$ cat input.pdb   # PDB, C-alpha atoms, pLDDT in the B column
MODEL        1
ATOM      1  CA  MET Y 167       0.000   0.000   0.000  1.00 45.00           C
ATOM      2  CA  THR Y 168       1.354   3.392  -0.980  1.00 50.00           C
ATOM      3  CA  GLY Y 169       0.769   6.717   0.686  1.00 52.00           C
ATOM      4  CA  ALA Y 170      -1.000   8.017  -2.423  1.00 59.00           C
ATOM      5  CA  ASN Y 171      -4.401   6.839  -1.159  1.00 69.00           C
ATOM      6  CA  ILE Y 172      -4.055   8.130   2.391  1.00 74.00           C
ATOM      7  CA  ILE Y 173      -6.259  11.149   3.081  1.00 63.00           C
ATOM      8  CA  PRO Y 174      -4.513  13.696   5.335  1.00 65.00           C
ATOM      9  CA  PHE Y 175      -6.216  14.389   8.639  1.00 57.00           C
ATOM     10  CA  ASN Y 176      -8.063  17.687   8.561  1.00 53.00           C
ATOM     11  CA  PRO Y 177      -8.952  18.950  12.063  1.00 52.00           C
ATOM     12  CA  LEU Y 178     -11.358  21.455  10.522  1.00 55.00           C
ATOM     13  CA  ASP Y 179     -13.319  18.803   8.612  1.00 59.00           C
ATOM     14  CA  LYS Y 180     -16.988  19.181   9.597  1.00 58.00           C
ATOM     15  CA  ARG Y 181     -17.185  15.583  10.834  1.00 61.00           C
ATOM     16  CA  HIS Y 182     -14.241  16.119  13.177  1.00 57.00           C
ATOM     17  CA  LEU Y 183     -15.747  19.362  14.414  1.00 64.00           C
ATOM     18  CA  GLY Y 184     -19.087  17.693  15.026  1.00 60.00           C
ATOM     19  CA  GLU Y 185     -17.435  14.823  16.860  1.00 74.00           C
ATOM     20  CA  SER Y 186     -15.550  17.234  19.114  1.00 81.00           C
ATOM     21  CA  VAL Y 187     -18.814  18.960  20.066  1.00 86.00           C
ATOM     22  CA  GLY Y 188     -20.514  15.607  20.686  1.00 86.00           C
ATOM     23  CA  GLN Y 189     -17.636  14.306  22.789  1.00 91.00           C
ATOM     24  CA  ALA Y 190     -17.658  17.455  24.890  1.00 93.00           C
ATOM     25  CA  MET Y 191     -21.332  16.879  25.683  1.00 93.00           C
ATOM     26  CA  LEU Y 192     -20.791  13.188  26.502  1.00 94.00           C
ATOM     27  CA  GLN Y 193     -18.186  14.174  29.079  1.00 94.00           C
ATOM     28  CA  ARG Y 194     -20.712  16.276  30.968  1.00 95.00           C
ATOM     29  CA  PRO Y 195     -22.273  14.806  34.123  1.00 95.00           C
ATOM     30  CA  ALA Y 196     -25.755  13.335  33.779  1.00 97.00           C
ATOM     31  CA  GLU Y 197     -28.448  15.188  35.746  1.00 97.00           C
ATOM     32  CA  SER Y 198     -31.966  14.236  36.755  1.00 98.00           C
ATOM     33  CA  LEU Y 199     -34.380  15.641  34.164  1.00 98.00           C
ATOM     34  CA  SER Y 200     -36.893  16.527  36.865  1.00 96.00           C
ATOM     35  CA  ALA Y 201     -34.432  18.569  38.929  1.00 96.00           C
ATOM     36  CA  LEU Y 202     -32.994  20.982  36.350  1.00 96.00           C
ATOM     37  CA  LYS Y 203     -32.772  24.632  37.360  1.00 96.00           C
ATOM     38  CA  PRO Y 204     -33.294  27.380  34.756  1.00 96.00           C
ATOM     39  CA  PHE Y 205     -30.166  28.386  32.860  1.00 95.00           C
ATOM     40  CA  GLU Y 206     -29.232  30.536  29.880  1.00 95.00           C
ATOM     41  CA  GLY Y 207     -28.003  29.256  26.538  1.00 95.00           C
ATOM     42  CA  ALA Y 208     -28.693  27.103  23.494  1.00 95.00           C
ATOM     43  CA  GLY Y 209     -27.058  23.816  22.557  1.00 95.00           C
ATOM     44  CA  ILE Y 210     -27.382  20.046  22.339  1.00 96.00           C
ATOM     45  CA  TYR Y 211     -28.555  17.378  24.765  1.00 98.00           C
ATOM     46  CA  ALA Y 212     -29.183  13.673  25.287  1.00 98.00           C
ATOM     47  CA  LEU Y 213     -31.838  11.947  27.400  1.00 98.00           C
ATOM     48  CA  TYR Y 214     -31.221   8.651  29.187  1.00 98.00           C
ATOM     49  CA  TYR Y 215     -33.770   6.122  30.459  1.00 98.00           C
ATOM     50  CA  THR Y 216     -33.354   3.723  33.398  1.00 98.00           C
ATOM     51  CA  GLY Y 217     -36.927   2.579  34.077  1.00 98.00           C
ATOM     52  CA  ASP Y 218     -38.781  -0.699  33.599  1.00 96.00           C
ATOM     53  CA  PHE Y 219     -40.957  -0.071  30.537  1.00 97.00           C
ATOM     54  CA  PRO Y 220     -40.750  -3.429  28.674  1.00 94.00           C
ATOM     55  CA  ALA Y 221     -39.843  -2.024  25.263  1.00 95.00           C
ATOM     56  CA  TYR Y 222     -36.679  -0.366  26.588  1.00 97.00           C
ATOM     57  CA  ALA Y 223     -35.308  -3.114  28.853  1.00 95.00           C
ATOM     58  CA  PRO Y 224     -31.928  -3.517  27.041  1.00 93.00           C
ATOM     59  CA  LEU Y 225     -31.441   0.258  26.914  1.00 95.00           C
ATOM     60  CA  ALA Y 226     -32.314   0.822  30.560  1.00 96.00           C
ATOM     61  CA  ALA Y 227     -29.973  -1.960  31.684  1.00 95.00           C
ATOM     62  CA  GLN Y 228     -27.053  -0.249  29.930  1.00 94.00           C
ATOM     63  CA  ASN Y 229     -27.815   3.075  31.617  1.00 97.00           C
ATOM     64  CA  ARG Y 230     -28.305   1.913  35.193  1.00 94.00           C
ATOM     65  CA  GLY Y 231     -25.644   2.194  37.855  1.00 93.00           C
ATOM     66  CA  GLY Y 232     -24.741   5.699  36.741  1.00 91.00           C
ATOM     67  CA  ARG Y 233     -23.293   4.568  33.411  1.00 91.00           C
ATOM     68  CA  PHE Y 234     -25.625   6.509  31.061  1.00 96.00           C
ATOM     69  CA  THR Y 235     -24.029   5.161  27.880  1.00 96.00           C
ATOM     70  CA  HIS Y 236     -27.012   4.855  25.502  1.00 96.00           C
ATOM     71  CA  PRO Y 237     -29.362   7.827  25.038  1.00 98.00           C
ATOM     72  CA  ILE Y 238     -33.007   7.244  24.272  1.00 98.00           C
ATOM     73  CA  TYR Y 239     -33.209  10.645  22.554  1.00 98.00           C
ATOM     74  CA  VAL Y 240     -30.820  13.307  21.249  1.00 98.00           C
ATOM     75  CA  GLY Y 241     -31.869  16.831  20.384  1.00 97.00           C
ATOM     76  CA  LYS Y 242     -30.957  20.466  20.040  1.00 96.00           C
ATOM     77  CA  ALA Y 243     -32.249  23.894  21.006  1.00 95.00           C
ATOM     78  CA  VAL Y 244     -31.297  26.892  18.887  1.00 92.00           C
ATOM     79  CA  PRO Y 245     -31.844  30.592  19.599  1.00 87.00           C
ATOM     80  CA  LYS Y 246     -35.129  32.060  18.396  1.00 77.00           C
ATOM     81  CA  GLY Y 247     -34.811  33.337  14.855  1.00 62.00           C
ATOM     82  CA  THR Y 248     -31.990  30.952  13.917  1.00 56.00           C
ATOM     83  CA  ARG Y 249     -34.207  28.727  11.769  1.00 51.00           C
ATOM     84  CA  LYS Y 250     -35.135  31.672   9.560  1.00 50.00           C
ATOM     85  CA  GLY Y 251     -31.499  32.334   8.741  1.00 50.00           C
ATOM     86  CA  GLY Y 252     -29.671  35.597   8.443  1.00 47.00           C
ATOM     87  CA  ASN Y 253     -29.793  36.342  12.158  1.00 51.00           C
ATOM     88  CA  LEU Y 254     -26.217  36.364  13.359  1.00 53.00           C
ATOM     89  CA  ASP Y 255     -27.139  38.173  16.572  1.00 59.00           C
ATOM     90  CA  ALA Y 256     -29.863  35.802  17.805  1.00 61.00           C
ATOM     91  CA  VAL Y 257     -30.031  35.798  21.601  1.00 68.00           C
ATOM     92  CA  PRO Y 258     -30.278  32.250  22.973  1.00 73.00           C
ATOM     93  CA  GLY Y 259     -32.122  33.136  26.172  1.00 90.00           C
ATOM     94  CA  LYS Y 260     -33.184  29.950  27.957  1.00 93.00           C
ATOM     95  CA  ALA Y 261     -33.663  27.986  24.717  1.00 95.00           C
ATOM     96  CA  LEU Y 262     -31.959  24.806  25.925  1.00 96.00           C
ATOM     97  CA  PHE Y 263     -33.592  24.768  29.360  1.00 97.00           C
ATOM     98  CA  SER Y 264     -37.011  25.454  27.817  1.00 96.00           C
ATOM     99  CA  ARG Y 265     -36.627  22.535  25.427  1.00 97.00           C
ATOM    100  CA  LEU Y 266     -35.663  20.164  28.228  1.00 98.00           C
ATOM    101  CA  ALA Y 267     -38.559  21.443  30.352  1.00 97.00           C
ATOM    102  CA  GLN Y 268     -40.930  20.745  27.456  1.00 97.00           C
ATOM    103  CA  HIS Y 269     -39.643  17.178  27.277  1.00 98.00           C
ATOM    104  CA  ALA Y 270     -40.103  16.768  31.007  1.00 98.00           C
ATOM    105  CA  ARG Y 271     -43.761  17.839  30.657  1.00 97.00           C
ATOM    106  CA  SER Y 272     -44.331  15.342  27.834  1.00 97.00           C
ATOM    107  CA  ILE Y 273     -42.953  12.530  30.007  1.00 98.00           C
ATOM    108  CA  GLU Y 274     -44.987  13.641  33.026  1.00 98.00           C
ATOM    109  CA  GLU Y 275     -48.174  13.666  30.917  1.00 97.00           C
ATOM    110  CA  SER Y 276     -47.511  10.129  29.703  1.00 98.00           C
ATOM    111  CA  LYS Y 277     -49.508   7.425  31.463  1.00 97.00           C
ATOM    112  CA  ASN Y 278     -46.736   4.822  31.493  1.00 98.00           C
ATOM    113  CA  LEU Y 279     -43.455   6.702  32.002  1.00 98.00           C
ATOM    114  CA  ASP Y 280     -41.956   8.096  35.207  1.00 98.00           C
ATOM    115  CA  ILE Y 281     -39.940  11.318  35.080  1.00 98.00           C
ATOM    116  CA  SER Y 282     -37.674  10.001  37.846  1.00 98.00           C
ATOM    117  CA  ASP Y 283     -36.355   7.403  35.374  1.00 98.00           C
ATOM    118  CA  PHE Y 284     -34.870  10.064  33.077  1.00 98.00           C
ATOM    119  CA  HIS Y 285     -31.522  11.842  33.181  1.00 98.00           C
ATOM    120  CA  CYS Y 286     -29.939  14.228  30.713  1.00 98.00           C
ATOM    121  CA  ARG Y 287     -26.629  15.581  29.564  1.00 98.00           C
ATOM    122  CA  TYR Y 288     -26.460  18.942  27.826  1.00 97.00           C
ATOM    123  CA  LEU Y 289     -23.876  21.311  26.448  1.00 96.00           C
ATOM    124  CA  ILE Y 290     -24.238  25.011  25.751  1.00 94.00           C
ATOM    125  CA  VAL Y 291     -22.780  25.546  22.278  1.00 91.00           C
ATOM    126  CA  ASP Y 292     -22.232  28.429  19.890  1.00 88.00           C
ATOM    127  CA  ASP Y 293     -25.269  28.182  17.610  1.00 86.00           C
ATOM    128  CA  ILE Y 294     -23.246  27.604  14.427  1.00 85.00           C
ATOM    129  CA  TRP Y 295     -22.141  24.169  15.750  1.00 87.00           C
ATOM    130  CA  ILE Y 296     -25.467  23.019  17.226  1.00 92.00           C
ATOM    131  CA  PRO Y 297     -26.978  21.218  14.182  1.00 90.00           C
ATOM    132  CA  LEU Y 298     -23.675  19.528  13.389  1.00 90.00           C
ATOM    133  CA  GLY Y 299     -23.203  18.246  16.932  1.00 91.00           C
ATOM    134  CA  GLU Y 300     -26.764  16.916  17.049  1.00 94.00           C
ATOM    135  CA  SER Y 301     -26.440  15.152  13.680  1.00 92.00           C
ATOM    136  CA  LEU Y 302     -23.232  13.391  14.659  1.00 91.00           C
ATOM    137  CA  LEU Y 303     -24.683  12.196  17.973  1.00 94.00           C
ATOM    138  CA  ILE Y 304     -27.796  10.823  16.276  1.00 95.00           C
ATOM    139  CA  ALA Y 305     -25.628   9.030  13.727  1.00 93.00           C
ATOM    140  CA  LYS Y 306     -23.444   7.617  16.515  1.00 92.00           C
ATOM    141  CA  PHE Y 307     -26.209   6.270  18.762  1.00 95.00           C
ATOM    142  CA  SER Y 308     -29.342   5.950  16.567  1.00 96.00           C
ATOM    143  CA  PRO Y 309     -31.532   6.737  19.616  1.00 98.00           C
ATOM    144  CA  ILE Y 310     -34.842   4.908  19.446  1.00 98.00           C
ATOM    145  CA  TRP Y 311     -36.949   8.049  19.990  1.00 98.00           C
ATOM    146  CA  ASN Y 312     -35.150   9.737  17.083  1.00 97.00           C
ATOM    147  CA  THR Y 313     -35.604   6.818  14.719  1.00 96.00           C
ATOM    148  CA  LEU Y 314     -38.125   4.028  15.278  1.00 97.00           C
ATOM    149  CA  ILE Y 315     -40.497   5.743  17.719  1.00 97.00           C
ATOM    150  CA  ASP Y 316     -40.797   9.254  16.359  1.00 94.00           C
ATOM    151  CA  GLY Y 317     -42.838  12.187  17.596  1.00 96.00           C
ATOM    152  CA  PHE Y 318     -41.495  12.743  21.110  1.00 97.00           C
ATOM    153  CA  GLY Y 319     -40.226  16.220  20.228  1.00 94.00           C
ATOM    154  CA  ASN Y 320     -43.387  17.269  18.396  1.00 93.00           C
ATOM    155  CA  HIS Y 321     -45.366  20.324  19.453  1.00 84.00           C
ATOM    156  CA  ASP Y 322     -49.123  20.770  19.598  1.00 82.00           C
ATOM    157  CA  PRO Y 323     -49.966  21.755  15.983  1.00 76.00           C
ATOM    158  CA  GLY Y 324     -52.680  24.090  17.244  1.00 70.00           C
ATOM    159  CA  LYS Y 325     -56.460  24.265  17.186  1.00 63.00           C
ATOM    160  CA  GLY Y 326     -58.014  22.891  14.011  1.00 58.00           C
ATOM    161  CA  ARG Y 327     -54.710  21.424  12.787  1.00 56.00           C
ATOM    162  CA  HIS Y 328     -54.907  17.857  14.109  1.00 61.00           C
ATOM    163  CA  ALA Y 329     -55.670  16.155  10.780  1.00 67.00           C
ATOM    164  CA  GLY Y 330     -52.321  14.329  10.800  1.00 84.00           C
ATOM    165  CA  PHE Y 331     -51.726  10.916  12.323  1.00 89.00           C
ATOM    166  CA  ARG Y 332     -50.954  10.538  15.991  1.00 94.00           C
ATOM    167  CA  PRO Y 333     -47.159  10.211  16.494  1.00 96.00           C
ATOM    168  CA  ARG Y 334     -45.913   6.689  17.179  1.00 97.00           C
ATOM    169  CA  TRP Y 335     -44.503   7.965  20.475  1.00 98.00           C
ATOM    170  CA  ASP Y 336     -48.003   8.885  21.620  1.00 97.00           C
ATOM    171  CA  VAL Y 337     -49.428   5.521  20.566  1.00 97.00           C
ATOM    172  CA  LEU Y 338     -46.891   3.863  22.851  1.00 98.00           C
ATOM    173  CA  HIS Y 339     -47.001   6.521  25.598  1.00 98.00           C
ATOM    174  CA  PRO Y 340     -50.506   8.028  25.608  1.00 97.00           C
ATOM    175  CA  GLY Y 341     -51.291  11.043  27.721  1.00 96.00           C
ATOM    176  CA  ARG Y 342     -50.542  14.235  25.804  1.00 96.00           C
ATOM    177  CA  SER Y 343     -53.967  15.795  25.271  1.00 93.00           C
ATOM    178  CA  TRP Y 344     -53.156  17.338  21.898  1.00 93.00           C
ATOM    179  CA  ALA Y 345     -52.019  13.982  20.499  1.00 93.00           C
ATOM    180  CA  GLU Y 346     -55.346  12.415  21.444  1.00 90.00           C
ATOM    181  CA  SER Y 347     -56.976  14.842  18.977  1.00 89.00           C
ATOM    182  CA  CYS Y 348     -54.848  13.568  16.082  1.00 91.00           C
ATOM    183  CA  GLN Y 349     -56.002  10.817  13.744  1.00 91.00           C
ATOM    184  CA  PRO Y 350     -55.441   7.259  15.055  1.00 93.00           C
ATOM    185  CA  ARG Y 351     -52.685   5.142  13.541  1.00 92.00           C
ATOM    186  CA  SER Y 352     -52.993   1.585  12.301  1.00 92.00           C
ATOM    187  CA  GLU Y 353     -50.108   0.411  14.530  1.00 93.00           C
ATOM    188  CA  THR Y 354     -50.910  -0.772  18.041  1.00 96.00           C
ATOM    189  CA  ALA Y 355     -48.770  -0.209  21.122  1.00 96.00           C
ATOM    190  CA  GLU Y 356     -48.082  -3.948  21.268  1.00 96.00           C
ATOM    191  CA  GLN Y 357     -46.753  -3.916  17.704  1.00 97.00           C
ATOM    192  CA  ILE Y 358     -44.483  -0.951  18.422  1.00 97.00           C
ATOM    193  CA  ILE Y 359     -43.161  -2.671  21.565  1.00 97.00           C
ATOM    194  CA  ARG Y 360     -42.214  -5.732  19.493  1.00 96.00           C
ATOM    195  CA  GLU Y 361     -40.455  -3.513  16.953  1.00 96.00           C
ATOM    196  CA  ALA Y 362     -38.634  -1.639  19.718  1.00 97.00           C
ATOM    197  CA  LYS Y 363     -37.307  -4.836  21.279  1.00 95.00           C
ATOM    198  CA  GLU Y 364     -36.039  -6.039  17.901  1.00 95.00           C
ATOM    199  CA  TYR Y 365     -34.491  -2.671  17.161  1.00 96.00           C
ATOM    200  CA  LEU Y 366     -32.610  -2.481  20.453  1.00 94.00           C
ATOM    201  CA  THR Y 367     -31.140  -5.961  19.999  1.00 89.00           C
ATOM    202  CA  THR Y 368     -29.479  -4.788  16.787  1.00 86.00           C
ATOM    203  CA  VAL Y 369     -28.568  -1.196  17.691  1.00 77.00           C
ATOM    204  CA  GLY Y 370     -27.687  -1.583  21.364  1.00 60.00           C
TER     205      GLY Y 370
ENDMDL
END

$ encode --input "input.pdb" --output "structure tokens"
Amino acid sequence: MTGANIIPFNPLDKRHLGESVGQAMLQRPAESLSALKPFEGAGIYALYYTGDFPAYAPLAAQNRGGRFTHPIYVGKAVPKGTRKGGNLDAVPGKALFSRLAQHARSIEESKNLDISDFHCRYLIVDDIWIPLGESLLIAKFSPIWNTLIDGFGNHDPGKGRHAGFRPRWDVLHPGRSWAESCQPRSETAEQIIREAKEYLTTVG
């Protein structure tokens, strides 16, 4: 093998930059999702589950004992106005805390999840690196709530706008009032549980 085919390491390659952001977040201590205090900033985060819901047994086992190695969900919170583009002076405010608080409410409204079984890691990041860090973490872990069981991060679409199907997350974890107004899906909770168990045996 000759050196002609070796690609030089580029520390500024976007993948390396994204990995550095992701690694920085993974080195943060895990905190109870129910005990977070308000803080300023935008950034990325990961949620970890340690409870006894049957679908997530392999995942929870890997996270117990303070290990927190396999997130159930990865997400981001950007400053208001960032999505529209062209706003280089967007003020983050409490974007990241607000997003985590929203997730905590969704879990608390669920009829079969316990907020005490959830922990999180988060990292306040300059907004230009937030989407990249999130994408690399999702690619690394393939969290089940980002992939197979979608809809956890959805918002209430608003009055008169519930014509879409109920998210799979809400089929499995009913309780959010707005989701009950959406159209029912053909999948049952039992079917999604079977799929989740199969998924976690291959991804975990």

$ closest_residue --input "input.pdb" --among "Y:Val187, Y:Ala362, Y:Leu338, Y:Ala345" --to "Leu298 (chain Y)" --atoms "all atoms listed in the file"
Y:Val187

$ residues_near_point --input "input.pdb" --point "(-52.9, 5.8, 29.3)" --cutoff "9 Å" --atoms "only C-alpha atoms" --output "list in words"
Ser276, Lys277, Asn278, His339, Pro340 and Gly341 of chain Y

$ closest_residue --input "input.pdb" --among "Y:Val291, Y:Ala190, Y:Ala196, Y:Leu225" --to "Ala243 (chain Y)" --atoms "all atoms listed in the file"
Y:Val291

$ resolve_selection --input "input.pdb" --expression "the PyMOL selection byres ((chain Y and resi 322) around 8)" --output "PDB file with C-alpha atoms, in the coordinates of the input"
ATOM      1  CA  ASN Y 320     -43.387  17.269  18.396  1.00 93.00           C
ATOM      2  CA  HIS Y 321     -45.366  20.324  19.453  1.00 84.00           C
ATOM      3  CA  PRO Y 323     -49.966  21.755  15.983  1.00 76.00           C
ATOM      4  CA  GLY Y 324     -52.680  24.090  17.244  1.00 70.00           C
ATOM      5  CA  TRP Y 344     -53.156  17.338  21.898  1.00 93.00           C
ATOM      6  CA  ALA Y 345     -52.019  13.982  20.499  1.00 93.00           C
TER       7      ALA Y 345
END

$ atom_distance --input "input.pdb" --atom1 "CA of Cys348 (chain Y)" --atom2 "CA of Phe284 (chain Y)"
26.5 Å

$ resolve_selection --input "input.pdb" --expression "the PyMOL selection byres ((chain Y and resi 288) around 12)" --output "NGL selection string"
:Y and (187-199 or 202 or 205 or 207-214 or 237 or 239-243 or 261-263 or 265-266 or 285-287 or 289-291 or 296 or 299-300)

$ atom_distance --input "input.pdb" --atom1 "CA of Ile304 (chain Y)" --atom2 "CA of Gly319 (chain Y)"
14.1 Å

$ atom_distance --input "input.pdb" --atom1 "CA of Ser308 (chain Y)" --atom2 "CA of Ser343 (chain Y)"
27.9 Å

$ residues_near_point --input "input.pdb" --point "(-38.7, 3.5, 31.2)" --cutoff "10 Å" --atoms "all atoms listed in the file" --output "PDB file with C-alpha atoms, in the coordinates of the input"
ATOM      1  CA  TYR Y 214     -31.221   8.651  29.187  1.00 98.00           C
ATOM      2  CA  TYR Y 215     -33.770   6.122  30.459  1.00 98.00           C
ATOM      3  CA  THR Y 216     -33.354   3.723  33.398  1.00 98.00           C
ATOM      4  CA  GLY Y 217     -36.927   2.579  34.077  1.00 98.00           C
ATOM      5  CA  ASP Y 218     -38.781  -0.699  33.599  1.00 96.00           C
ATOM      6  CA  PHE Y 219     -40.957  -0.071  30.537  1.00 97.00           C
ATOM      7  CA  PRO Y 220     -40.750  -3.429  28.674  1.00 94.00           C
ATOM      8  CA  ALA Y 221     -39.843  -2.024  25.263  1.00 95.00           C
ATOM      9  CA  TYR Y 222     -36.679  -0.366  26.588  1.00 97.00           C
ATOM     10  CA  ALA Y 223     -35.308  -3.114  28.853  1.00 95.00           C
ATOM     11  CA  LEU Y 225     -31.441   0.258  26.914  1.00 95.00           C
ATOM     12  CA  ALA Y 226     -32.314   0.822  30.560  1.00 96.00           C
ATOM     13  CA  ILE Y 238     -33.007   7.244  24.272  1.00 98.00           C
ATOM     14  CA  ASN Y 278     -46.736   4.822  31.493  1.00 98.00           C
ATOM     15  CA  LEU Y 279     -43.455   6.702  32.002  1.00 98.00           C
ATOM     16  CA  ASP Y 280     -41.956   8.096  35.207  1.00 98.00           C
ATOM     17  CA  ILE Y 281     -39.940  11.318  35.080  1.00 98.00           C
ATOM     18  CA  SER Y 282     -37.674  10.001  37.846  1.00 98.00           C
ATOM     19  CA  ASP Y 283     -36.355   7.403  35.374  1.00 98.00           C
ATOM     20  CA  PHE Y 284     -34.870  10.064  33.077  1.00 98.00           C
TER      21      PHE Y 284
END

$ resolve_selection --input "input.pdb" --expression "the PyMOL selection byres ((chain Y and resi 366) around 8)" --output "list in words"
Tyr222, Pro224, Leu225, Ile310, Ala362, Lys363, Glu364, Tyr365, Thr367, Thr368, Val369 and Gly370 of chain Y

$ decode --input "input.pdb" --residues "region 350-368 of chain Y" --atoms "N, CA, C and O atoms" --output "mmCIF file, in the first residue's frame"
data_model
loop_
_atom_site.group_PDB
_atom_site.id
_atom_site.type_symbol
_atom_site.label_atom_id
_atom_site.label_comp_id
_atom_site.auth_asym_id
_atom_site.auth_seq_id
_atom_site.Cartn_x
_atom_site.Cartn_y
_atom_site.Cartn_z
ATOM 1 N N PRO Y 350 -56.061 8.496 14.558
ATOM 2 C CA PRO Y 350 -55.441 7.259 15.055
ATOM 3 C C PRO Y 350 -54.591 6.581 13.984
ATOM 4 O O PRO Y 350 -54.860 6.688 12.790
ATOM 5 N N ARG Y 351 -53.567 5.891 14.435
ATOM 6 C CA ARG Y 351 -52.685 5.142 13.541
ATOM 7 C C ARG Y 351 -53.161 3.695 13.457
ATOM 8 O O ARG Y 351 -53.913 3.210 14.307
ATOM 9 N N SER Y 352 -52.658 3.003 12.436
ATOM 10 C CA SER Y 352 -52.993 1.585 12.301
ATOM 11 C C SER Y 352 -52.171 0.720 13.248
ATOM 12 O O SER Y 352 -52.616 -0.343 13.675
ATOM 13 N N GLU Y 353 -50.954 1.194 13.635
ATOM 14 C CA GLU Y 353 -50.108 0.411 14.530
ATOM 15 C C GLU Y 353 -50.664 0.425 15.952
ATOM 16 O O GLU Y 353 -51.181 1.442 16.411
ATOM 17 N N THR Y 354 -50.529 -0.696 16.633
ATOM 18 C CA THR Y 354 -50.910 -0.772 18.041
ATOM 19 C C THR Y 354 -49.672 -0.610 18.911
ATOM 20 O O THR Y 354 -48.541 -0.755 18.446
ATOM 21 N N ALA Y 355 -49.892 -0.325 20.198
ATOM 22 C CA ALA Y 355 -48.770 -0.209 21.122
ATOM 23 C C ALA Y 355 -48.013 -1.527 21.208
ATOM 24 O O ALA Y 355 -46.780 -1.536 21.283
ATOM 25 N N GLU Y 356 -48.728 -2.635 21.182
ATOM 26 C CA GLU Y 356 -48.082 -3.948 21.268
ATOM 27 C C GLU Y 356 -47.153 -4.182 20.074
ATOM 28 O O GLU Y 356 -46.053 -4.730 20.214
ATOM 29 N N GLN Y 357 -47.588 -3.770 18.894
ATOM 30 C CA GLN Y 357 -46.753 -3.916 17.704
ATOM 31 C C GLN Y 357 -45.489 -3.062 17.813
ATOM 32 O O GLN Y 357 -44.384 -3.516 17.489
ATOM 33 N N ILE Y 358 -45.639 -1.845 18.291
ATOM 34 C CA ILE Y 358 -44.483 -0.951 18.422
ATOM 35 C C ILE Y 358 -43.515 -1.490 19.472
ATOM 36 O O ILE Y 358 -42.292 -1.378 19.310
ATOM 37 N N ILE Y 359 -44.032 -2.079 20.546
ATOM 38 C CA ILE Y 359 -43.161 -2.671 21.565
ATOM 39 C C ILE Y 359 -42.335 -3.799 20.963
ATOM 40 O O ILE Y 359 -41.127 -3.902 21.218
ATOM 41 N N ARG Y 360 -42.960 -4.649 20.141
ATOM 42 C CA ARG Y 360 -42.214 -5.732 19.493
ATOM 43 C C ARG Y 360 -41.116 -5.174 18.596
ATOM 44 O O ARG Y 360 -39.977 -5.660 18.591
ATOM 45 N N GLU Y 361 -41.443 -4.135 17.840
ATOM 46 C CA GLU Y 361 -40.455 -3.513 16.953
ATOM 47 C C GLU Y 361 -39.315 -2.899 17.759
ATOM 48 O O GLU Y 361 -38.148 -2.981 17.361
ATOM 49 N N ALA Y 362 -39.656 -2.280 18.883
ATOM 50 C CA ALA Y 362 -38.634 -1.639 19.718
ATOM 51 C C ALA Y 362 -37.660 -2.666 20.273
ATOM 52 O O ALA Y 362 -36.439 -2.442 20.291
ATOM 53 N N LYS Y 363 -38.172 -3.795 20.736
ATOM 54 C CA LYS Y 363 -37.307 -4.836 21.279
ATOM 55 C C LYS Y 363 -36.354 -5.365 20.209
ATOM 56 O O LYS Y 363 -35.158 -5.577 20.458
ATOM 57 N N GLU Y 364 -36.875 -5.570 19.015
ATOM 58 C CA GLU Y 364 -36.039 -6.039 17.901
ATOM 59 C C GLU Y 364 -34.984 -4.994 17.544
ATOM 60 O O GLU Y 364 -33.826 -5.324 17.296
ATOM 61 N N TYR Y 365 -35.404 -3.764 17.516
ATOM 62 C CA TYR Y 365 -34.491 -2.671 17.161
ATOM 63 C C TYR Y 365 -33.342 -2.571 18.141
ATOM 64 O O TYR Y 365 -32.175 -2.449 17.750
ATOM 65 N N LEU Y 366 -33.648 -2.646 19.431
ATOM 66 C CA LEU Y 366 -32.610 -2.481 20.453
ATOM 67 C C LEU Y 366 -31.661 -3.669 20.519
ATOM 68 O O LEU Y 366 -30.526 -3.535 20.994
ATOM 69 N N THR Y 367 -32.074 -4.821 20.043
ATOM 70 C CA THR Y 367 -31.140 -5.961 19.999
ATOM 71 C C THR Y 367 -30.099 -5.788 18.900
ATOM 72 O O THR Y 367 -29.004 -6.339 18.987
ATOM 73 N N THR Y 368 -30.425 -4.998 17.881
ATOM 74 C CA THR Y 368 -29.479 -4.788 16.787
ATOM 75 C C THR Y 368 -28.654 -3.516 16.964
ATOM 76 O O THR Y 368 -27.469 -3.481 16.621
#
